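One file, run_29.txt, carrying compact mmCIF, C-alpha atoms:
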# COMPACT_ATOMS: atom_id res chain seq x y z
CA MET A 1 -5.21 1.38 -20.77
CA ALA A 2 -5.91 0.72 -17.10
CA THR A 3 -6.22 4.42 -16.28
CA ASP A 4 -8.51 4.94 -19.30
CA TYR A 5 -11.16 2.80 -17.59
CA GLY A 6 -11.09 5.19 -14.65
CA TYR A 7 -12.49 7.97 -16.83
CA GLN A 8 -15.42 6.00 -18.28
CA ILE A 9 -18.58 7.29 -16.60
CA ASP A 10 -21.51 4.97 -17.24
CA PRO A 11 -24.06 3.82 -14.61
CA LEU A 12 -24.87 0.85 -16.85
CA ILE A 13 -21.32 -0.40 -16.24
CA PRO A 14 -21.02 0.02 -12.45
CA VAL A 15 -17.62 -1.69 -12.26
CA ILE A 16 -14.84 -2.36 -14.77
CA GLY A 17 -12.21 -5.01 -14.04
CA TYR A 18 -8.69 -5.01 -15.49
CA THR A 19 -5.54 -7.11 -15.10
CA GLU A 20 -2.05 -7.23 -16.59
CA MET A 21 1.55 -8.13 -15.78
CA VAL A 22 3.64 -5.02 -15.12
CA THR A 23 7.43 -4.94 -14.77
CA ASN A 24 9.45 -2.05 -13.31
CA GLU A 25 7.04 0.70 -14.35
CA MET A 26 5.56 3.83 -12.83
CA CYS A 27 2.10 5.27 -13.41
CA ILE A 28 2.58 9.02 -13.07
CA SER A 29 0.45 11.04 -10.68
CA HIS A 30 -3.16 11.24 -11.89
CA SER A 31 -6.78 11.06 -10.77
CA HIS A 32 -10.03 9.80 -12.33
CA PRO A 33 -13.75 9.98 -11.50
CA ARG A 34 -14.12 6.28 -10.79
CA GLY A 35 -13.04 4.83 -7.47
CA GLN A 36 -10.42 2.10 -7.70
CA LEU A 37 -9.46 -1.07 -5.87
CA ILE A 38 -5.83 -2.08 -6.52
CA TYR A 39 -4.49 -5.56 -5.82
CA ALA A 40 -1.64 -7.83 -6.94
CA THR A 41 -1.33 -11.60 -6.64
CA ARG A 42 2.42 -11.27 -7.06
CA GLY A 43 4.94 -8.49 -6.50
CA VAL A 44 4.93 -5.20 -4.60
CA MET A 45 3.50 -1.78 -5.47
CA ASN A 46 4.38 1.60 -3.96
CA VAL A 47 1.38 3.95 -3.98
CA VAL A 48 1.70 7.64 -3.13
CA VAL A 49 -1.40 9.65 -2.22
CA GLY A 50 -0.73 13.15 -0.94
CA ASN A 51 1.58 12.82 2.06
CA HIS A 52 1.03 9.08 2.48
CA ILE A 53 3.02 6.21 1.03
CA TRP A 54 1.67 2.65 0.95
CA VAL A 55 3.64 -0.51 0.19
CA VAL A 56 1.04 -2.93 -1.16
CA ASN A 57 1.89 -6.64 -1.15
CA PRO A 58 -0.19 -9.72 -2.18
CA LEU A 59 -1.87 -9.87 1.23
CA GLN A 60 -3.32 -6.39 0.86
CA GLY A 61 -5.49 -4.26 -1.36
CA LEU A 62 -5.62 -0.49 -1.72
CA TRP A 63 -8.78 1.57 -2.01
CA LEU A 64 -8.80 4.94 -3.80
CA PRO A 65 -12.02 7.02 -3.91
CA GLY A 66 -12.80 8.82 -7.15
CA GLY A 67 -10.97 12.09 -7.77
CA VAL A 68 -7.98 11.22 -5.56
CA GLU A 69 -4.61 12.01 -7.12
CA HIS A 70 -2.21 9.07 -6.85
CA GLN A 71 1.00 7.61 -8.24
CA VAL A 72 1.78 3.89 -8.50
CA THR A 73 5.22 2.30 -8.87
CA PHE A 74 5.41 -1.37 -9.83
CA GLN A 75 8.56 -3.02 -8.49
CA LYS A 76 9.94 -5.83 -10.63
CA ASP A 77 7.22 -8.25 -11.82
CA VAL A 78 3.72 -7.44 -10.55
CA ASN A 79 0.54 -9.38 -11.38
CA TYR A 80 -1.74 -6.36 -11.22
CA TYR A 81 -5.53 -6.43 -10.76
CA SER A 82 -7.87 -3.46 -10.54
CA VAL A 83 -11.58 -2.73 -10.35
CA PHE A 84 -12.86 0.74 -11.26
CA VAL A 85 -16.12 1.78 -9.57
CA ASP A 86 -18.56 4.20 -11.25
CA PRO A 87 -19.55 7.33 -9.25
CA SER A 88 -23.21 6.23 -9.47
CA VAL A 89 -22.56 3.35 -7.03
CA MET A 90 -20.03 5.02 -4.71
CA LYS A 91 -22.56 5.81 -1.96
CA GLY A 92 -21.67 3.91 1.19
CA LEU A 93 -18.11 3.14 0.06
CA PRO A 94 -15.09 4.48 2.00
CA GLU A 95 -14.36 8.15 1.38
CA ASN A 96 -10.64 7.99 2.22
CA SER A 97 -7.69 6.20 0.63
CA PHE A 98 -6.17 3.32 2.59
CA SER A 99 -4.61 -0.12 2.35
CA PHE A 100 -6.40 -3.08 3.90
CA ASP A 101 -5.97 -6.79 4.51
CA ILE A 102 -7.89 -8.22 1.58
CA PRO A 103 -10.02 -11.32 2.35
CA MET A 104 -10.12 -14.31 0.02
CA PHE A 105 -13.81 -13.76 -0.79
CA LEU A 106 -13.17 -10.22 -2.02
CA LYS A 107 -10.25 -11.44 -4.13
CA GLN A 108 -12.45 -14.03 -5.81
CA LEU A 109 -15.06 -11.36 -6.54
CA VAL A 110 -12.35 -9.21 -8.15
CA PHE A 111 -11.31 -12.10 -10.40
CA LYS A 112 -14.93 -12.82 -11.30
CA ILE A 113 -15.61 -9.19 -12.21
CA ILE A 114 -12.55 -9.12 -14.44
CA SER A 115 -13.93 -12.15 -16.29
CA PHE A 116 -17.09 -10.14 -17.15
CA GLY A 117 -15.14 -8.05 -19.66
CA THR A 118 -15.67 -4.33 -20.29
CA SER A 119 -18.53 -4.23 -22.81
CA GLY A 120 -21.26 -3.61 -20.25
CA ASN A 121 -23.45 -6.45 -21.46
CA LEU A 122 -24.09 -7.76 -17.96
CA THR A 123 -26.45 -10.58 -17.06
CA ASP A 124 -28.74 -10.46 -14.03
CA SER A 125 -26.43 -12.95 -12.29
CA GLN A 126 -23.40 -10.75 -12.96
CA ARG A 127 -25.17 -7.68 -11.62
CA ARG A 128 -26.02 -9.57 -8.41
CA LEU A 129 -22.34 -10.48 -7.98
CA ILE A 130 -21.38 -6.85 -8.52
CA ALA A 131 -23.85 -5.85 -5.78
CA VAL A 132 -22.17 -8.35 -3.44
CA PHE A 133 -18.75 -6.95 -4.38
CA LEU A 134 -19.89 -3.41 -3.52
CA ASP A 135 -21.31 -4.63 -0.20
CA GLU A 136 -17.98 -6.29 0.66
CA LEU A 137 -16.05 -3.19 -0.40
CA ALA A 138 -18.14 -1.11 2.00
CA LEU A 139 -16.93 -3.30 4.89
CA ILE A 140 -13.16 -2.96 4.40
CA VAL A 141 -11.16 -1.31 7.19
CA PRO A 142 -7.72 0.33 7.05
CA SER A 143 -4.50 -1.41 8.04
CA ALA A 144 -1.61 0.49 9.63
CA THR A 145 0.88 -0.21 6.84
CA PHE A 146 1.33 3.29 5.48
CA LEU A 147 4.02 5.90 5.94
CA PRO A 148 3.06 9.56 6.37
CA THR A 149 5.31 12.15 4.71
CA THR A 150 5.34 15.92 4.78
CA ASN A 151 5.71 19.10 2.75
CA ASN A 152 7.26 20.97 5.68
CA GLU A 153 10.72 21.90 4.36
CA ARG A 154 12.59 21.47 7.63
CA LEU A 155 11.01 18.11 8.41
CA GLN A 156 11.15 16.95 4.81
CA LYS A 157 14.94 17.13 4.92
CA VAL A 158 15.04 14.79 7.92
CA VAL A 159 12.50 12.41 6.36
CA GLU A 160 14.57 12.18 3.18
CA LEU A 161 17.74 11.47 5.16
CA LEU A 162 16.01 8.67 7.04
CA MET A 163 14.49 7.14 3.91
CA ASN A 164 17.82 7.25 2.09
CA ASP A 165 19.58 5.42 4.93
CA VAL A 166 17.18 2.84 6.40
CA SER A 167 20.00 1.25 8.43
CA SER A 168 20.81 4.48 10.33
CA LYS A 169 20.94 4.25 14.11
CA GLN A 170 21.46 7.96 14.67
CA THR A 171 19.32 9.64 17.34
CA ILE A 172 16.86 12.48 16.90
CA HIS A 173 19.55 14.81 18.32
CA TYR A 174 21.80 14.00 15.33
CA TYR A 175 19.12 14.88 12.78
CA ALA A 176 18.11 17.98 14.73
CA GLU A 177 21.67 19.31 14.54
CA LEU A 178 21.83 18.62 10.80
CA SER A 179 18.63 20.63 10.38
CA PHE A 180 19.74 23.50 12.63
CA MET A 181 16.98 23.08 15.19
CA SER A 182 16.63 21.69 18.68
CA SER A 183 15.65 18.04 19.23
CA ARG A 184 12.56 19.29 21.05
CA THR A 185 11.48 21.32 18.00
CA LEU A 186 12.09 18.38 15.70
CA SER A 187 10.15 16.09 18.01
CA ARG A 188 7.20 18.47 17.97
CA LEU A 189 7.34 18.67 14.17
CA PHE A 190 7.13 14.88 13.85
CA ILE A 191 4.03 14.73 16.02
CA LYS A 192 2.38 17.77 14.41
CA GLU A 193 3.14 16.93 10.76
CA LEU A 194 3.28 13.13 10.77
CA GLY A 195 1.04 12.16 13.66
CA MET A 196 3.71 10.09 15.43
CA ASN A 197 7.01 10.58 17.20
CA PHE A 198 10.45 10.19 15.63
CA SER A 199 11.02 6.66 16.90
CA ASP A 200 7.60 5.36 15.82
CA TRP A 201 7.94 6.91 12.37
CA ARG A 202 11.36 5.36 11.82
CA THR A 203 10.06 1.97 12.97
CA ARG A 204 7.12 2.28 10.55
CA MET A 205 9.54 3.14 7.75
CA LYS A 206 11.65 0.05 8.52
CA LEU A 207 8.53 -2.11 8.68
CA LEU A 208 7.36 -1.03 5.24
CA GLU A 209 10.83 -1.52 3.82
CA ALA A 210 10.84 -5.01 5.33
CA ILE A 211 7.49 -5.81 3.70
CA LYS A 212 8.83 -4.65 0.34
CA ARG A 213 11.96 -6.78 0.65
CA LEU A 214 10.01 -9.82 1.81
CA GLY A 215 7.94 -9.42 -1.35
CA GLU A 216 11.21 -9.48 -3.30
CA LYS A 217 12.12 -12.78 -1.58
CA GLN A 218 15.14 -11.45 0.32
CA SER A 219 16.25 -13.52 3.31
CA ILE A 220 15.19 -12.49 6.80
CA LYS A 221 18.80 -12.24 7.97
CA GLU A 222 19.74 -10.02 5.02
CA ILE A 223 16.74 -7.74 5.63
CA ALA A 224 17.52 -7.47 9.35
CA LEU A 225 21.12 -6.39 8.74
CA ASP A 226 20.21 -3.98 5.94
CA LEU A 227 17.66 -2.30 8.21
CA GLY A 228 20.26 -1.77 10.93
CA TYR A 229 19.30 -4.52 13.38
CA GLU A 230 22.15 -6.26 15.20
CA THR A 231 20.47 -9.65 14.96
CA ALA A 232 17.69 -11.31 13.00
CA SER A 233 15.85 -12.01 16.27
CA ALA A 234 15.67 -8.28 17.07
CA PHE A 235 14.15 -7.64 13.64
CA ILE A 236 11.70 -10.54 14.03
CA TYR A 237 10.60 -9.16 17.41
CA MET A 238 9.88 -5.74 15.89
CA PHE A 239 8.00 -7.26 12.96
CA LYS A 240 5.82 -9.50 15.13
CA LYS A 241 5.11 -6.69 17.59
CA HIS A 242 3.63 -4.50 14.87
CA LEU A 243 2.07 -7.03 12.47
CA GLY A 244 1.19 -9.86 14.84
CA THR A 245 3.17 -12.47 12.92
CA THR A 246 6.78 -13.32 12.19
CA PRO A 247 8.39 -12.49 8.82
CA SER A 248 8.62 -16.20 7.93
CA ASN A 249 4.92 -16.74 8.69
CA TYR A 250 4.11 -13.59 6.75
CA ILE A 251 5.88 -15.04 3.71
CA LEU A 252 4.20 -18.42 4.26
CA GLU A 253 0.76 -16.78 4.43
CA ASP A 254 1.51 -14.94 1.19
CA GLU A 255 2.56 -18.18 -0.56
CA ASN A 256 -0.46 -20.09 0.77
CA GLU A 257 -2.78 -17.38 -0.51
CA SER A 258 -1.17 -17.58 -3.95
CA GLU A 259 -1.51 -21.37 -4.01
CA LYS A 260 -5.20 -21.11 -3.15
CA LEU A 261 -5.74 -18.61 -5.95
CA ILE A 262 -3.96 -20.85 -8.46
CA ALA A 263 -6.00 -23.85 -7.33
Once you've parsed the file, please lay out its structure as structure tokens.
Amino acid sequence: MATDYGYQIDPLIPVIGYTEMVTNEMCISHSHPRGQLIYATRGVMNVVVGNHIWVVNPLQGLWLPGGVEHQVTFQKDVNYYSVFVDPSVMKGLPENSFSFDIPMFLKQLVFKIISFGTSGNLTDSQRRLIAVFLDELALIVPSATFLPTTNNERLQKVVELLMNDVSSKQTIHYYAELSFMSSRTLSRLFIKELGMNFSDWRTRMKLLEAIKRLGEKQSIKEIALDLGYETASAFIYMFKKHLGTTPSNYILEDENESEKLIA
């Protein structure tokens, strides 16, 4: 039903809000004319758009312009919220897909819009709130929590090996030999196809895997060891360096946000 709303074109209904609890499901690759804001108050979603993968947790939202093909996987129990935006009001909104740190005010606007229902019988007050929502949506900026992938066959093999063994400590030379190319060639492919070097890409992969596991309430020590770090402190250092906060504070911020929403 959620995707059905994405195909409803009607300027008289500029936004349509939807929510449901989803458990271990996947929404196959699709696109729709309406833009879409995706958010969850609980659980983790994997969203694939082209050669990018986003891990969306309760501290983030994801923006998808209209017409963008995407696939969403809901891991375990996810309290899913979405707002579909009609093409008639898309002017001034972001033209690219990205995840972003979602502010409390925007969350509350999402919940309010969902309470309006889907009939289109909007009051003047509701239309003013929708205008504020669109203004706030125009201000969102991307976060760095995405993982670029590739269709290059040679590089794709290496990417799949890395993603299937997140604890690997093997060097770029090891993967170059497996792929029958020099480490210099492989290094150039990473930068050309993925926009970052081998080391940075692997660190980004581990970071997103850590975010997913934190959302599943795994312990910091368990995550650190599963990701190939010798100690929890080494993992915490990496996490803080890239996200500006420790894993424990990240979890605490998530829980505090949920408590505020419940209150």
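Taking atom CA of A:Gln218 and atom CA of A:Lys169 as endpoints, the distance between them is 21.7 Å.
All residues of protein, DNA or RNA that reach within 6 Å of stretch 143-154 of chain A, judged by all atoms listed in the file and not counting those fewer than 5 positions away in the chain, are Asn51, His52, Ile53, Trp54, Ser99, Phe100 and Leu194 of chain A.
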Problem set entry | stretch 219-232 of chain A surroundings by all atoms listed in the file, 9 Å radius, close-in-sequence under 2 positions cut, as JSON, numbers by chain | {"A": [165, 166, 167, 168, 169, 206, 209, 210, 213, 214, 217, 234, 235, 236, 237, 247, 248]}
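Nearest to A:Arg34 of all the residues A:Val72, A:Val89, A:Val22, A:Val47 is A:Val89, counting all atoms listed in the file.
Distances from A:Glu136, A:Glu216, A:Glu193, A:Asp10 to A:Asp77 were compared using all atoms listed in the file, and the smallest one belongs to A:Glu216.
The closest residue to A:Phe74, picked from A:Arg204, A:Arg184, A:Lys240, A:Lys212 and counting all atoms listed in the file, is A:Lys212.
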Please write out, as lines of an AutoDock Vina configuration file, where the centre of an axis-aligned box around all listed atoms of stretch 3-21 of chain A lies and how long its edges are, in Å to one decimal, after adding 3 Å on each side.
center_x = -11.7
center_y = -0.1
center_z = -15.8
size_x = 32.4
size_y = 22.1
size_z = 13.0
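If you measure from each of A:Leu62, A:Leu12, A:Ile191, A:Val158 to A:Tyr175 using all atoms listed in the file, the closest one turns out to be A:Val158.
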For this session: Tell me which protein, DNA and RNA residues are within 9 Å of stretch 122-132 of chain A, counting only C-alpha atoms, leaving out same-chain ones fewer than 2 positions away, and put them as a ChimeraX atom specification.
Result: /A:12-15,109,112-113,116,119-120,134-137
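Comparing the minimum interatomic distances between A:Gln108 and each of A:Tyr39, A:Gln75, A:Arg202, A:Ile172, counting all atoms listed in the file, we find that A:Tyr39 sits nearest.
Minimum distance to A:Thr118 across A:Phe190, A:Trp201, A:Tyr18, A:Tyr174 (counting only C-alpha atoms) occurs at A:Tyr18.
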Distance cut-off 6 Å, centre (-6.1, -3.4, -9.3) in file coordinates, counting only C-alpha atoms: which residues qualify? Return them as a PDB file with C-alpha atoms, in the frame of the given file.
ATOM      1  CA  LEU A  37      -9.460  -1.070  -5.870  1.00  0.00           C
ATOM      2  CA  ILE A  38      -5.830  -2.080  -6.520  1.00  0.00           C
ATOM      3  CA  TYR A  39      -4.490  -5.560  -5.820  1.00  0.00           C
ATOM      4  CA  TYR A  80      -1.740  -6.360 -11.220  1.00  0.00           C
ATOM      5  CA  TYR A  81      -5.530  -6.430 -10.760  1.00  0.00           C
ATOM      6  CA  SER A  82      -7.870  -3.460 -10.540  1.00  0.00           C
ATOM      7  CA  VAL A  83     -11.580  -2.730 -10.350  1.00  0.00           C
TER       8      VAL A  83
END
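Interatomic distance, atom CA of A:Ala40 against atom CA of A:Gly195: 28.8 Å.
One distance worth recording is that between atom CA of A:Asn249 and atom CA of A:Gly215, which is 12.8 Å.
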Problem set entry | Distance query A:Val49 at most 9 Å, all atoms listed in the file, self and fewer than 4 positions along chain excluded, as number ranges by chain | A: 29, 53-54, 64, 68-71, 97
Take the selection from the previous step and output its residues with C-alpha atoms, as a compact mmCIF listing (two decimals), in the coordinates of the input.
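Contents of the output file out.txt:
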# COMPACT_ATOMS: atom_id res chain seq x y z
CA SER A 29 0.45 11.04 -10.68
CA ILE A 53 3.02 6.21 1.03
CA TRP A 54 1.67 2.65 0.95
CA LEU A 64 -8.80 4.94 -3.80
CA VAL A 68 -7.98 11.22 -5.56
CA GLU A 69 -4.61 12.01 -7.12
CA HIS A 70 -2.21 9.07 -6.85
CA GLN A 71 1.00 7.61 -8.24
CA SER A 97 -7.69 6.20 0.63
Atoms are missing here; could stretch 133-148 of chain A be completed with N, CA, C and O atoms and written as an mmCIF file, keeping the file's coordinate frame?
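Result file follows (result_33.cif):
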data_model
loop_
_atom_site.group_PDB
_atom_site.id
_atom_site.type_symbol
_atom_site.label_atom_id
_atom_site.label_comp_id
_atom_site.auth_asym_id
_atom_site.auth_seq_id
_atom_site.Cartn_x
_atom_site.Cartn_y
_atom_site.Cartn_z
ATOM 1 N N PHE A 133 -20.085 -7.556 -4.407
ATOM 2 C CA PHE A 133 -18.750 -6.950 -4.380
ATOM 3 C C PHE A 133 -18.798 -5.571 -3.726
ATOM 4 O O PHE A 133 -17.965 -5.246 -2.871
ATOM 5 N N LEU A 134 -19.773 -4.755 -4.091
ATOM 6 C CA LEU A 134 -19.890 -3.410 -3.520
ATOM 7 C C LEU A 134 -20.205 -3.477 -2.023
ATOM 8 O O LEU A 134 -19.696 -2.673 -1.238
ATOM 9 N N ASP A 135 -21.016 -4.454 -1.622
ATOM 10 C CA ASP A 135 -21.310 -4.630 -0.200
ATOM 11 C C ASP A 135 -20.046 -4.995 0.568
ATOM 12 O O ASP A 135 -19.797 -4.487 1.679
ATOM 13 N N GLU A 136 -19.232 -5.885 0.006
ATOM 14 C CA GLU A 136 -17.980 -6.290 0.660
ATOM 15 C C GLU A 136 -16.993 -5.129 0.712
ATOM 16 O O GLU A 136 -16.281 -4.949 1.705
ATOM 17 N N LEU A 137 -16.956 -4.345 -0.347
ATOM 18 C CA LEU A 137 -16.050 -3.190 -0.400
ATOM 19 C C LEU A 137 -16.415 -2.173 0.673
ATOM 20 O O LEU A 137 -15.539 -1.508 1.245
ATOM 21 N N ALA A 138 -17.691 -2.059 0.982
ATOM 22 C CA ALA A 138 -18.140 -1.110 2.000
ATOM 23 C C ALA A 138 -17.696 -1.516 3.399
ATOM 24 O O ALA A 138 -17.696 -0.686 4.317
ATOM 25 N N LEU A 139 -17.296 -2.784 3.565
ATOM 26 C CA LEU A 139 -16.930 -3.300 4.890
ATOM 27 C C LEU A 139 -15.433 -3.252 5.171
ATOM 28 O O LEU A 139 -15.017 -3.525 6.296
ATOM 29 N N ILE A 140 -14.614 -2.921 4.190
ATOM 30 C CA ILE A 140 -13.160 -2.960 4.400
ATOM 31 C C ILE A 140 -12.739 -1.907 5.425
ATOM 32 O O ILE A 140 -13.348 -0.841 5.532
ATOM 33 N N VAL A 141 -11.681 -2.232 6.168
ATOM 34 C CA VAL A 141 -11.160 -1.310 7.190
ATOM 35 C C VAL A 141 -9.664 -1.126 6.982
ATOM 36 O O VAL A 141 -8.978 -2.041 6.516
ATOM 37 N N PRO A 142 -9.128 0.050 7.315
ATOM 38 C CA PRO A 142 -7.720 0.330 7.050
ATOM 39 C C PRO A 142 -6.760 -0.535 7.873
ATOM 40 O O PRO A 142 -7.064 -0.929 8.997
ATOM 41 N N SER A 143 -5.618 -0.823 7.290
ATOM 42 C CA SER A 143 -4.500 -1.410 8.040
ATOM 43 C C SER A 143 -3.536 -0.269 8.359
ATOM 44 O O SER A 143 -3.671 0.836 7.854
ATOM 45 N N ALA A 144 -2.540 -0.565 9.187
ATOM 46 C CA ALA A 144 -1.610 0.490 9.630
ATOM 47 C C ALA A 144 -0.363 0.561 8.768
ATOM 48 O O ALA A 144 0.582 1.256 9.115
ATOM 49 N N THR A 145 -0.349 -0.138 7.640
ATOM 50 C CA THR A 145 0.880 -0.210 6.840
ATOM 51 C C THR A 145 0.955 0.934 5.829
ATOM 52 O O THR A 145 0.869 0.732 4.627
ATOM 53 N N PHE A 146 1.075 2.143 6.338
ATOM 54 C CA PHE A 146 1.330 3.290 5.480
ATOM 55 C C PHE A 146 2.353 4.174 6.175
ATOM 56 O O PHE A 146 2.576 4.077 7.391
ATOM 57 N N LEU A 147 2.992 5.019 5.397
ATOM 58 C CA LEU A 147 4.020 5.900 5.940
ATOM 59 C C LEU A 147 3.657 7.342 5.612
ATOM 60 O O LEU A 147 3.638 7.725 4.447
ATOM 61 N N PRO A 148 3.356 8.149 6.636
ATOM 62 C CA PRO A 148 3.060 9.560 6.370
ATOM 63 C C PRO A 148 4.321 10.333 6.009
ATOM 64 O O PRO A 148 5.403 10.077 6.538
#
